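Structure file target-v6.pdb; described as PDB, C-alpha atoms and all ligand atoms.
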ATOM      1  CA  MET A   8       6.427  12.633 -14.039
ATOM      2  CA  VAL A   9       4.295  14.381 -11.446
ATOM      3  CA  ALA A  10       1.733  16.827 -12.803
ATOM      4  CA  ALA A  11       1.489  19.468 -10.092
ATOM      5  CA  THR A  12      -1.449  21.357 -11.656
ATOM      6  CA  GLN A  13      -3.853  18.382 -11.809
ATOM      7  CA  PRO A  14      -5.982  17.410  -8.791
ATOM      8  CA  ALA A  15      -4.638  14.542  -6.717
ATOM      9  CA  LYS A  16      -5.416  11.138  -8.173
ATOM     10  CA  ILE A  17      -6.305   9.861  -4.727
ATOM     11  CA  ALA A  18      -6.393  11.770  -1.458
ATOM     12  CA  ALA A  19      -7.388  11.583   2.191
ATOM     13  CA  THR A  20      -8.146  15.012   3.650
ATOM     14  CA  ASN A  21      -8.298  15.611   7.414
ATOM     15  CA  VAL A  22      -9.161  11.960   7.967
ATOM     16  CA  THR A  23      -9.765  10.580  11.437
ATOM     17  CA  VAL A  24     -10.457   6.873  12.016
ATOM     18  CA  THR A  25     -11.571   5.666  15.430
ATOM     19  CA  PHE A  26     -12.283   2.052  16.427
ATOM     20  CA  GLY A  27     -14.198   2.028  19.729
ATOM     21  CA  ARG A  28     -12.091   4.241  21.975
ATOM     22  CA  GLN A  29      -8.887   3.901  19.935
ATOM     23  CA  THR A  30      -8.074   6.673  17.471
ATOM     24  CA  VAL A  31      -5.788   5.184  14.819
ATOM     25  CA  LEU A  32      -5.704   8.091  12.364
ATOM     26  CA  ARG A  33      -6.054  11.668  13.575
ATOM     27  CA  ASP A  34      -6.630  14.487  11.112
ATOM     28  CA  VAL A  35      -4.397  12.924   8.470
ATOM     29  CA  THR A  36      -4.047  14.529   5.035
ATOM     30  CA  VAL A  37      -2.169  12.679   2.286
ATOM     31  CA  ALA A  38      -2.480  12.929  -1.469
ATOM     32  CA  ALA A  39      -0.865  11.171  -4.415
ATOM     33  CA  ALA A  40      -0.593  13.184  -7.639
ATOM     34  CA  PRO A  41      -1.194  11.417 -10.969
ATOM     35  CA  GLY A  42       1.805   9.190 -11.738
ATOM     36  CA  GLU A  43       3.380   9.779  -8.346
ATOM     37  CA  THR A  44       4.686   7.020  -6.070
ATOM     38  CA  LEU A  45       3.962   7.876  -2.450
ATOM     39  CA  ALA A  46       5.454   5.762   0.339
ATOM     40  CA  VAL A  47       3.745   5.728   3.730
ATOM     41  CA  ILE A  48       6.147   4.661   6.466
ATOM     42  CA  GLY A  49       6.007   4.358  10.231
ATOM     43  CA  GLU A  50       6.378   1.860  13.020
ATOM     44  CA  SER A  51       4.145  -1.157  13.460
ATOM     45  CA  GLY A  52       0.637  -0.234  14.539
ATOM     46  CA  CYS A  53       0.792   3.459  13.548
ATOM     47  CA  GLY A  54      -2.136   3.055  11.119
ATOM     48  CA  LYS A  55      -0.548   2.559   7.691
ATOM     49  CA  THR A  56      -2.805  -0.316   6.637
ATOM     50  CA  VAL A  57      -5.875   1.432   8.027
ATOM     51  CA  LEU A  58      -4.970   4.449   5.881
ATOM     52  CA  LEU A  59      -4.678   2.230   2.783
ATOM     53  CA  LYS A  60      -8.030   0.581   3.548
ATOM     54  CA  THR A  61      -9.616   3.989   4.099
ATOM     55  CA  LEU A  62      -8.448   5.085   0.633
ATOM     56  CA  ILE A  63     -10.474   2.280  -0.956
ATOM     57  CA  ARG A  64     -13.409   2.549   1.481
ATOM     58  CA  LEU A  65     -12.829  -0.807   3.119
ATOM     59  CA  VAL A  66     -12.707   1.357   6.257
ATOM     60  CA  GLN A  67     -15.031   4.369   6.593
ATOM     61  CA  PRO A  68     -13.406   7.471   8.078
ATOM     62  CA  THR A  69     -14.978   8.727  11.288
ATOM     63  CA  ARG A  70     -14.265  12.260  10.028
ATOM     64  CA  GLY A  71     -12.737  13.708   6.883
ATOM     65  CA  VAL A  72     -12.961  13.044   3.165
ATOM     66  CA  VAL A  73     -11.407  10.542   0.771
ATOM     67  CA  SER A  74     -11.477  11.631  -2.858
ATOM     68  CA  PHE A  75     -10.584  10.177  -6.232
ATOM     69  CA  GLU A  76      -9.654  12.694  -8.945
ATOM     70  CA  GLY A  77     -11.086  15.416  -6.720
ATOM     71  CA  ALA A  78     -14.505  13.763  -6.170
ATOM     72  CA  PRO A  79     -15.436  12.541  -2.655
ATOM     73  CA  ILE A  80     -16.040   8.781  -2.655
ATOM     74  CA  ALA A  81     -18.209   8.635   0.483
ATOM     75  CA  ARG A  82     -21.405   9.377  -1.405
ATOM     76  CA  LEU A  83     -20.840   6.853  -4.186
ATOM     77  CA  GLY A  84     -23.413   4.073  -4.304
ATOM     78  CA  GLU A  85     -22.373   0.410  -4.345
ATOM     79  CA  ARG A  86     -22.357   0.242  -8.170
ATOM     80  CA  LYS A  87     -20.140   3.315  -8.506
ATOM     81  CA  ILE A  88     -17.772   2.128  -5.789
ATOM     82  CA  THR A  89     -17.451  -1.236  -7.563
ATOM     83  CA  GLU A  90     -16.640   0.628 -10.796
ATOM     84  CA  LEU A  91     -14.080   2.740  -8.939
ATOM     85  CA  ARG A  92     -12.436  -0.304  -7.331
ATOM     86  CA  ARG A  93     -11.868  -1.698 -10.834
ATOM     87  CA  ARG A  94      -9.639   1.302 -11.462
ATOM     88  CA  LEU A  95      -7.593   0.440  -8.374
ATOM     89  CA  GLY A  96      -5.267  -2.504  -7.791
ATOM     90  CA  PHE A  97      -4.550  -3.741  -4.278
ATOM     91  CA  VAL A  98      -1.401  -5.763  -3.546
ATOM     92  CA  PHE A  99      -2.055  -7.403  -0.180
ATOM     93  CA  GLN A 100       0.603  -7.947   2.499
ATOM     94  CA  ASN A 101       0.463 -11.761   2.308
ATOM     95  CA  ALA A 102      -0.488 -11.857  -1.401
ATOM     96  CA  ALA A 103      -3.957 -13.131  -0.272
ATOM     97  CA  LEU A 104      -4.150 -15.823  -2.962
ATOM     98  CA  PHE A 105      -6.832 -18.507  -2.954
ATOM     99  CA  ASP A 106      -4.959 -21.664  -1.868
ATOM    100  CA  SER A 107      -7.243 -24.085  -3.651
ATOM    101  CA  MET A 108      -7.052 -22.278  -7.016
ATOM    102  CA  SER A 109      -4.264 -22.517  -9.581
ATOM    103  CA  ILE A 110      -2.060 -19.460 -10.137
ATOM    104  CA  ALA A 111      -3.826 -18.911 -13.473
ATOM    105  CA  ASP A 112      -7.270 -18.884 -11.831
ATOM    106  CA  ASN A 113      -6.024 -16.584  -9.055
ATOM    107  CA  VAL A 114      -4.755 -13.995 -11.544
ATOM    108  CA  ALA A 115      -7.801 -14.511 -13.799
ATOM    109  CA  PHE A 116     -10.190 -13.982 -10.869
ATOM    110  CA  PRO A 117     -10.811 -10.215 -11.318
ATOM    111  CA  LEU A 118     -11.119 -10.642 -15.100
ATOM    112  CA  ARG A 119     -13.705 -13.406 -14.824
ATOM    113  CA  ASP A 120     -15.504 -11.911 -11.842
ATOM    114  CA  GLN A 121     -15.645  -8.263 -12.951
ATOM    115  CA  HIS A 122     -15.271  -8.408 -16.723
ATOM    116  CA  ARG A 123     -17.069 -11.699 -17.300
ATOM    117  CA  MET A 124     -14.220 -12.895 -19.541
ATOM    118  CA  ASP A 125     -14.261 -16.538 -20.523
ATOM    119  CA  ARG A 126     -11.413 -18.705 -19.273
ATOM    120  CA  GLU A 127      -9.473 -18.812 -22.549
ATOM    121  CA  GLU A 128      -9.565 -15.038 -23.023
ATOM    122  CA  ALA A 129      -8.648 -14.454 -19.369
ATOM    123  CA  TYR A 130      -5.701 -16.871 -19.535
ATOM    124  CA  GLU A 131      -4.176 -14.858 -22.406
ATOM    125  CA  VAL A 132      -4.168 -11.779 -20.167
ATOM    126  CA  VAL A 133      -2.878 -13.892 -17.249
ATOM    127  CA  ALA A 134       0.149 -15.055 -19.269
ATOM    128  CA  GLU A 135       0.922 -11.421 -20.207
ATOM    129  CA  ARG A 136       0.652 -10.212 -16.613
ATOM    130  CA  LEU A 137       2.803 -13.061 -15.294
ATOM    131  CA  ALA A 138       5.470 -12.223 -17.896
ATOM    132  CA  GLU A 139       5.266  -8.593 -16.814
ATOM    133  CA  VAL A 140       6.241  -9.602 -13.254
ATOM    134  CA  GLY A 141       8.947 -11.950 -14.516
ATOM    135  CA  LEU A 142       7.196 -15.289 -13.969
ATOM    136  CA  PRO A 143       7.158 -18.041 -16.604
ATOM    137  CA  ALA A 144       3.870 -19.375 -18.008
ATOM    138  CA  SER A 145       4.782 -22.734 -16.402
ATOM    139  CA  VAL A 146       3.607 -21.420 -12.996
ATOM    140  CA  MET A 147       0.031 -21.070 -14.273
ATOM    141  CA  LEU A 148      -0.992 -24.597 -13.349
ATOM    142  CA  LYS A 149       0.709 -24.597  -9.945
ATOM    143  CA  LYS A 150      -0.996 -23.886  -6.624
ATOM    144  CA  PRO A 151       0.184 -20.988  -4.397
ATOM    145  CA  ALA A 152       1.722 -23.422  -1.840
ATOM    146  CA  GLU A 153       4.113 -24.662  -4.543
ATOM    147  CA  LEU A 154       5.693 -21.209  -4.983
ATOM    148  CA  SER A 155       8.229 -19.284  -2.888
ATOM    149  CA  GLY A 156       7.140 -16.210  -0.902
ATOM    150  CA  GLY A 157       8.721 -13.899  -3.493
ATOM    151  CA  MET A 158       6.930 -15.641  -6.342
ATOM    152  CA  ARG A 159       3.609 -15.417  -4.485
ATOM    153  CA  LYS A 160       4.134 -11.665  -4.012
ATOM    154  CA  ARG A 161       4.729 -11.360  -7.747
ATOM    155  CA  VAL A 162       1.545 -13.343  -8.458
ATOM    156  CA  GLY A 163      -0.279 -10.902  -6.136
ATOM    157  CA  LEU A 164       1.079  -8.020  -8.221
ATOM    158  CA  ALA A 165       0.120  -9.785 -11.485
ATOM    159  CA  ARG A 166      -3.427 -10.164 -10.150
ATOM    160  CA  ALA A 167      -3.572  -6.504  -9.104
ATOM    161  CA  LEU A 168      -2.427  -5.593 -12.641
ATOM    162  CA  ALA A 169      -5.039  -7.813 -14.299
ATOM    163  CA  ASN A 170      -7.544  -4.981 -14.683
ATOM    164  CA  SER A 171      -4.897  -2.473 -15.846
ATOM    165  CA  PRO A 172      -5.559  -0.245 -12.815
ATOM    166  CA  GLU A 173      -4.783   3.471 -12.710
ATOM    167  CA  VAL A 174      -3.810   3.354  -9.028
ATOM    168  CA  LEU A 175      -1.868   0.617  -7.264
ATOM    169  CA  LEU A 176      -1.930   0.276  -3.496
ATOM    170  CA  TYR A 177       0.781  -1.906  -2.005
ATOM    171  CA  ASP A 178       0.640  -3.171   1.593
ATOM    172  CA  GLU A 179       4.135  -4.113   2.820
ATOM    173  CA  PRO A 180       5.304  -5.446  -0.562
ATOM    174  CA  THR A 181       8.777  -6.487   0.649
ATOM    175  CA  THR A 182       7.967  -7.830   4.135
ATOM    176  CA  GLY A 183       9.317 -11.340   4.715
ATOM    177  CA  LEU A 184      11.538 -11.345   1.632
ATOM    178  CA  ASP A 185      15.326 -11.603   1.437
ATOM    179  CA  PRO A 186      17.192  -8.456   0.266
ATOM    180  CA  ILE A 187      17.571  -9.728  -3.313
ATOM    181  CA  MET A 188      13.895 -10.620  -3.722
ATOM    182  CA  SER A 189      12.952  -7.324  -2.007
ATOM    183  CA  ASP A 190      14.935  -5.528  -4.658
ATOM    184  CA  VAL A 191      13.202  -7.492  -7.417
ATOM    185  CA  ILE A 192       9.873  -6.263  -5.999
ATOM    186  CA  ASN A 193      11.202  -2.684  -5.758
ATOM    187  CA  GLU A 194      12.274  -2.838  -9.398
ATOM    188  CA  LEU A 195       8.832  -4.188 -10.380
ATOM    189  CA  ILE A 196       7.091  -1.347  -8.541
ATOM    190  CA  MET A 197       9.251   1.183 -10.426
ATOM    191  CA  ARG A 198       8.912  -0.590 -13.755
ATOM    192  CA  THR A 199       5.130  -0.776 -13.382
ATOM    193  CA  ARG A 200       5.051   2.957 -12.678
ATOM    194  CA  ASP A 201       7.250   3.716 -15.713
ATOM    195  CA  ARG A 202       5.471   1.415 -18.152
ATOM    196  CA  ARG A 203       1.899   2.054 -17.097
ATOM    197  CA  GLY A 204       2.096   5.560 -15.619
ATOM    198  CA  VAL A 205       0.173   4.359 -12.562
ATOM    199  CA  THR A 206      -0.187   6.307  -9.338
ATOM    200  CA  SER A 207       1.131   4.208  -6.451
ATOM    201  CA  VAL A 208       0.758   4.262  -2.684
ATOM    202  CA  VAL A 209       3.238   1.947  -0.970
ATOM    203  CA  VAL A 210       2.832   1.183   2.724
ATOM    204  CA  THR A 211       6.067  -0.145   4.156
ATOM    205  CA  HIS A 212       8.407  -0.118   7.110
ATOM    206  CA  ASP A 213      11.318  -0.954   4.817
ATOM    207  CA  MET A 214      13.266   2.333   4.581
ATOM    208  CA  HIS A 215      15.477   1.077   1.783
ATOM    209  CA  SER A 216      12.418   0.192  -0.293
ATOM    210  CA  ALA A 217      10.692   3.525   0.483
ATOM    211  CA  CYS A 218      13.753   5.540  -0.555
ATOM    212  CA  LYS A 219      14.229   3.519  -3.722
ATOM    213  CA  VAL A 220      10.683   3.486  -5.103
ATOM    214  CA  ALA A 221       9.092   6.688  -3.806
ATOM    215  CA  ASP A 222       8.938  10.187  -5.215
ATOM    216  CA  ARG A 223       7.652  11.300  -1.826
ATOM    217  CA  ILE A 224       7.568   9.798   1.661
ATOM    218  CA  VAL A 225       5.020  10.431   4.399
ATOM    219  CA  MET A 226       5.829   9.233   7.925
ATOM    220  CA  LEU A 227       3.015   8.495  10.383
ATOM    221  CA  TYR A 228       3.489   8.232  14.140
ATOM    222  CA  PRO A 229       1.200   6.281  16.517
ATOM    223  CA  VAL A 230      -1.503   8.578  17.935
ATOM    224  CA  SER A 231      -0.967   7.020  21.398
ATOM    225  CA  ARG A 232       2.565   8.485  21.455
ATOM    226  CA  LEU A 233       1.567  11.990  20.407
ATOM    227  CA  GLY A 234       0.590  15.022  22.469
ATOM    228  CA  ALA A 235      -2.959  16.322  21.954
ATOM    229  CA  ASP A 236      -1.889  19.049  19.512
ATOM    230  CA  GLU A 237       0.876  17.243  17.650
ATOM    231  CA  PRO A 238       0.291  16.299  14.001
ATOM    232  CA  GLN A 239       0.344  12.569  13.225
ATOM    233  CA  ILE A 240       2.346  13.137  10.056
ATOM    234  CA  LEU A 241       5.891  13.748  11.262
ATOM    235  CA  PHE A 242       7.387  14.086   7.801
ATOM    236  CA  ASP A 243       6.220  14.700   4.227
ATOM    237  CA  GLY A 244       8.969  15.141   1.646
ATOM    238  CA  THR A 245      11.443  13.492  -0.701
ATOM    239  CA  PRO A 246      13.757  10.566   0.109
ATOM    240  CA  ASP A 247      16.713  13.013   0.139
ATOM    241  CA  GLU A 248      14.932  15.299   2.584
ATOM    242  CA  ILE A 249      14.068  12.511   5.027
ATOM    243  CA  MET A 250      17.764  11.665   5.324
ATOM    244  CA  ARG A 251      18.390  15.235   6.520
ATOM    245  CA  CYS A 252      15.281  15.519   8.748
ATOM    246  CA  ASP A 253      16.272  16.621  12.250
ATOM    247  CA  ASP A 254      13.113  15.386  14.062
ATOM    248  CA  ARG A 255      14.598  12.774  16.409
ATOM    249  CA  ARG A 256      11.617  10.394  15.933
ATOM    250  CA  VAL A 257      12.092  10.499  12.160
ATOM    251  CA  SER A 258      15.872  10.061  12.219
ATOM    252  CA  GLN A 259      15.583   7.150  14.681
ATOM    253  CA  PHE A 260      13.156   5.408  12.322
ATOM    254  CA  VAL A 261      15.362   6.119   9.300
ATOM    255  CA  ARG A 262      18.418   4.707  11.085
ATOM    256  CA  GLY A 263      16.500   1.809  12.667
ATOM    257  CA  GLU A 264      17.272   2.822  16.261
ATOM    258  CA  ALA A 265      15.075   1.693  19.141
ATOM    259  CA  GLY A 266      15.500   5.049  20.975
ATOM    260  CA  GLU A 267      12.991   5.562  23.788
ATOM    261  CA  ARG A 268      11.450   2.100  23.129
ATOM    262  CA  LEU A 269      14.596   0.655  24.804
ATOM    263  CA  GLU A 270      14.189   2.979  27.784
ATOM    264  CA  GLU A 271      10.518   1.947  28.063
ATOM    265  CA  MET A 272      11.534  -1.717  27.969
ATOM    266  CA  ARG A 273      14.178  -1.184  30.666
ATOM    267  CA  ALA A 274      11.657   0.714  32.819
ATOM    268  CA  ALA A 275       9.110  -2.116  32.411
ATOM    269  CA  GLN A 276      11.772  -4.656  33.474
ATOM    270  CA  GLY A 277      12.441  -2.562  36.583
TER     271      GLY A 277
HETATM  272  N1  LIG B 301     -10.989  -3.238  11.971
HETATM  273  C1  LIG B 301     -10.343  -2.870  13.063
HETATM  274  N2  LIG B 301     -10.965  -2.818  14.247
HETATM  275  C2  LIG B 301     -10.323  -2.418  15.365
HETATM  276  N3  LIG B 301      -9.030  -2.042  15.411
HETATM  277  C3  LIG B 301      -8.345  -2.077  14.241
HETATM  278  C4  LIG B 301      -8.964  -2.490  13.027
HETATM  279  N4  LIG B 301      -8.035  -2.417  12.016
HETATM  280  C5  LIG B 301      -6.894  -1.974  12.618
HETATM  281  N5  LIG B 301      -7.078  -1.771  13.944
HETATM  282  C6  LIG B 301      -6.061  -1.274  14.879
HETATM  283  O1  LIG B 301      -5.486  -0.119  14.314
HETATM  284  C7  LIG B 301      -4.098  -0.012  14.681
HETATM  285  C8  LIG B 301      -3.274   0.243  13.437
HETATM  286  O2  LIG B 301      -3.286  -0.933  12.616
HETATM  287  P1  LIG B 301      -2.576  -0.980  11.197
HETATM  288  O3  LIG B 301      -2.759  -2.382  10.701
HETATM  289  O4  LIG B 301      -3.055   0.118  10.332
HETATM  290  O5  LIG B 301      -1.062  -0.727  11.572
HETATM  291  P2  LIG B 301       0.212  -0.703  10.635
HETATM  292  O6  LIG B 301       0.873   0.618  10.823
HETATM  293  O7  LIG B 301      -0.174  -1.082   9.242
HETATM  294  O8  LIG B 301       1.079  -1.849  11.337
HETATM  295  P3  LIG B 301       2.003  -3.019  10.713
HETATM  296  O9  LIG B 301       3.217  -2.311  10.168
HETATM  297  O10 LIG B 301       2.322  -3.854  11.915
HETATM  298  O11 LIG B 301       1.196  -3.729   9.658
HETATM  299  C9  LIG B 301      -3.753  -1.312  15.402
HETATM  300  O12 LIG B 301      -3.752  -1.043  16.792
HETATM  301  C10 LIG B 301      -4.899  -2.238  15.047
HETATM  302  O13 LIG B 301      -5.145  -3.161  16.085
END

Structure re-expressed in structure tokens:
Amino acid sequence: MVAATQPAKIAATNVTVTFGRQTVLRDVTVAAAPGETLAVIGESGCGKTVLLKTLIRLVQPTRGVVSFEGAPIARLGERKITELRRRLGFVFQNAALFDSMSIADNVAFPLRDQHRMDREEAYEVVAERLAEVGLPASVMLKKPAELSGGMRKRVGLARALANSPEVLLYDEPTTGLDPIMSDVINELIMRTRDRRGVTSVVVTHDMHSACKVADRIVMLYPVSRLGADEPQILFDGTPDEIMRCDDRRVSQFVRGEAGERLEEMRAAQG
């Protein structure tokens, strides 16, 4: 349930991010209410991952404010930001597991590193988290290379859940998976929201996944393709509304049509 009267759990307000001469985010405002699942969609390179990294201060905005429960995070010292990051879980695009560590040690990592749990205590939590993502305890002793891509993604989610975060940030959770395994991940995202009441931000270019898991969808467009006064957020609304959106750039993305990209390719080929 989305509580409209509470401040946003996590928000970026009028955020601009520039690397050298390239502006990747331009005056972007997005907010996730407590318990809400927000999907951020858009074509490759439009700045989705940069937005996610900005929300957890892995990238500093050139302008604008990122806030957590209404409080700007820019002024937090290193100790406070470490405390805040413990309240967030990050599910990386490629699962980002340590190859040389067992699955158990990968999932236990935040518990041992941040909570100073001993191995035995941490492994009890690990077994619970693995069960929560539908993996048997028998995977604990395996190495990441011994698992399928879908299993590794689930281990990545189990690790993000280790600290019982209040906010989960997912970077392309279904990329590279077959449709069945993608749906398993979608179901896990929804189940995690329902069971734990977490706020979620899901970056994806998988429209099916966005429509299934999200309460609200925000679509970004690459700054390089925009006019000087055009907003970078082309759409902000529900999955039902995006299906009826009459902005050609939005409907082409929703339907997976190449549109003017084909014309550009033909022009480049002469
Ligand atoms: N640290 C960085 N330094 C310089 N440029 C960067 C940095 N991080 C990202 N970029 C650039 O920002 C742009 C947006 O990248 P980003 O990874 O956010 O795209 P995306 O929308 O997530 O794409 P994809 O769907 O392909 O993952 C790209 O042109 C990328 O090269």

Original post:
Taking (5.7, 0.1, -2.9) in the file's coordinates as the center, which residues reach within 7 Å of it, counting all atoms listed in the file, put as a list in words?
Top reply: Ala46, Tyr177, Pro180, Asn193, Ile196, Val208, Val209, Val210, Ala217 and Val220 of chain A

Original post:
Which chains and residue numbers are within 6 Å of ligand LIG 301 (chain B), counting only C-alpha atoms and all ligand atoms, if I want them as a PyMOL selection string?
Top reply: chain A and resi 26+31+50-57

Find the axis-aligned box for range 259-273 of chain A, covering all its listed atoms and adding 3 Å on each side, and write its centre and edge lengths in Å to one decimal as lines of an AutoDock Vina configuration file.
center_x = 14.5
center_y = 2.7
center_z = 20.0
size_x = 13.9
size_y = 14.9
size_z = 27.4

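Within the file as shown, the PyMOL selection byres (((chain A and resi 17) around 6) and not hetatm) identifies Ala15, Lys16, Ala18, Ala38, Ala39, Ser74 and Phe75 of chain A.
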
Subject >> Pairwise distance for CA of Arg159 in chain A and CA of Leu104 in chain A, rounded to one decimal in Å >> reply: 7.9 Å

Subject >> Among listed residues A:Val47, A:Glu248, A:Ala165, A:Leu59, nearest Val24 in chain A (using only C-alpha atoms) >> reply: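 Among A:Val47, A:Glu248, A:Ala165, A:Leu59, it is A:Leu59 that comes nearest to Val24 in chain A.
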
**OP:** Record the distance separating CA of Pro172 in chain A and CA of Arg223 in chain A, expressed in Å with one decimal.
**Re:**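 Answer for the CA of Pro172 in chain A to CA of Arg223 in chain A separation: 20.7 Å.
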
**OP:** Given the file shown, determine the residues that the PyMOL selection byres (((chain A and resi 258-270) around 12) and not hetatm) selects; report them as a ChimeraX atom specification.
**Re:** /A:48-51,212-218,224,226-228,232,241-242,246-257,271-277

Subject >> Point-to-point distance in Å for CA of Glu131 in chain A and CA of Ser189 in chain A >> reply: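 Computing it gives 27.7 Å between the two atoms.
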
Original post:
What residues come out when you apply the PyMOL selection byres (((chain A and resi 205) around 10) and not hetatm) to this file, written as a PyMOL selection string?
Top reply: chain A and resi 16+41-44+95-96+171-175+196-197+199-204+206-208

Would you export the selected residues with C-alpha atoms as a PDB file, keeping the file's coordinate frame, please?
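part_23.pdb written:
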ATOM      1  CA  LYS A  16      -5.416  11.138  -8.173  1.00  0.00           C
ATOM      2  CA  PRO A  41      -1.194  11.417 -10.969  1.00  0.00           C
ATOM      3  CA  GLY A  42       1.805   9.190 -11.738  1.00  0.00           C
ATOM      4  CA  GLU A  43       3.380   9.779  -8.346  1.00  0.00           C
ATOM      5  CA  THR A  44       4.686   7.020  -6.070  1.00  0.00           C
ATOM      6  CA  LEU A  95      -7.593   0.440  -8.374  1.00  0.00           C
ATOM      7  CA  GLY A  96      -5.267  -2.504  -7.791  1.00  0.00           C
ATOM      8  CA  SER A 171      -4.897  -2.473 -15.846  1.00  0.00           C
ATOM      9  CA  PRO A 172      -5.559  -0.245 -12.815  1.00  0.00           C
ATOM     10  CA  GLU A 173      -4.783   3.471 -12.710  1.00  0.00           C
ATOM     11  CA  VAL A 174      -3.810   3.354  -9.028  1.00  0.00           C
ATOM     12  CA  LEU A 175      -1.868   0.617  -7.264  1.00  0.00           C
ATOM     13  CA  ILE A 196       7.091  -1.347  -8.541  1.00  0.00           C
ATOM     14  CA  MET A 197       9.251   1.183 -10.426  1.00  0.00           C
ATOM     15  CA  THR A 199       5.130  -0.776 -13.382  1.00  0.00           C
ATOM     16  CA  ARG A 200       5.051   2.957 -12.678  1.00  0.00           C
ATOM     17  CA  ASP A 201       7.250   3.716 -15.713  1.00  0.00           C
ATOM     18  CA  ARG A 202       5.471   1.415 -18.152  1.00  0.00           C
ATOM     19  CA  ARG A 203       1.899   2.054 -17.097  1.00  0.00           C
ATOM     20  CA  GLY A 204       2.096   5.560 -15.619  1.00  0.00           C
ATOM     21  CA  THR A 206      -0.187   6.307  -9.338  1.00  0.00           C
ATOM     22  CA  SER A 207       1.131   4.208  -6.451  1.00  0.00           C
ATOM     23  CA  VAL A 208       0.758   4.262  -2.684  1.00  0.00           C
TER      24      VAL A 208
END

**OP:** Considering only C-alpha atoms, return as a PyMOL selection string whatever protein or nucleic-acid residues lie within 8 Å of Tyr130 in chain A, sequence-local ones (same chain, fewer than 4 positions apart) excluded.
**Re:** chain A and resi 111+115+126+134

Original post:
Which is closest to Asp178 in chain A among A:Val66, A:Leu148, A:Gly141, A:Lys60, if we use all atoms listed in the file?
Top reply: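 So, comparing all the options, the nearest one is A:Lys60.
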
**OP:** Point out the residue among A:Arg123, A:Arg86, A:Arg166, A:Arg94 with the least atom-to-atom distance to Glu135 in chain A, counting all atoms listed in the file.
**Re:** A:Arg166

**OP:** Mind checking which residues fall within 12 Å of Ala152 in chain A, counting all atoms listed in the file, ignoring those fewer than 4 positions away in the same chain, and posting them as a ChimeraX atom specification?
**Re:** /A:102-110,146,148,156-159

Can those selected residues be exported to a file as a short mmCIF file (atom, residue, chain, number, x, y, z; two decimals), in the frame of the given file so that it contains C-alpha atoms?
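Wrote it out as again.cif, contents follow:
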data_model
loop_
_atom_site.label_atom_id
_atom_site.label_comp_id
_atom_site.auth_asym_id
_atom_site.auth_seq_id
_atom_site.Cartn_x
_atom_site.Cartn_y
_atom_site.Cartn_z
CA ALA A 102 -0.49 -11.86 -1.40
CA ALA A 103 -3.96 -13.13 -0.27
CA LEU A 104 -4.15 -15.82 -2.96
CA PHE A 105 -6.83 -18.51 -2.95
CA ASP A 106 -4.96 -21.66 -1.87
CA SER A 107 -7.24 -24.08 -3.65
CA MET A 108 -7.05 -22.28 -7.02
CA SER A 109 -4.26 -22.52 -9.58
CA ILE A 110 -2.06 -19.46 -10.14
CA VAL A 146 3.61 -21.42 -13.00
CA LEU A 148 -0.99 -24.60 -13.35
CA GLY A 156 7.14 -16.21 -0.90
CA GLY A 157 8.72 -13.90 -3.49
CA MET A 158 6.93 -15.64 -6.34
CA ARG A 159 3.61 -15.42 -4.49
#

Original post:
In terms of the shortest atom-to-atom distance over all atoms listed in the file, which of A:Arg33, A:Lys160, A:Arg92, A:Lys219 is closest to Pro68 in chain A?
Top reply: A:Arg33

Original post:
Which one is closest to Val98 in chain A: A:Val140, A:Ala221, A:Ile187, A:Ala167? Count all atoms listed in the file.
Top reply: A:Ala167
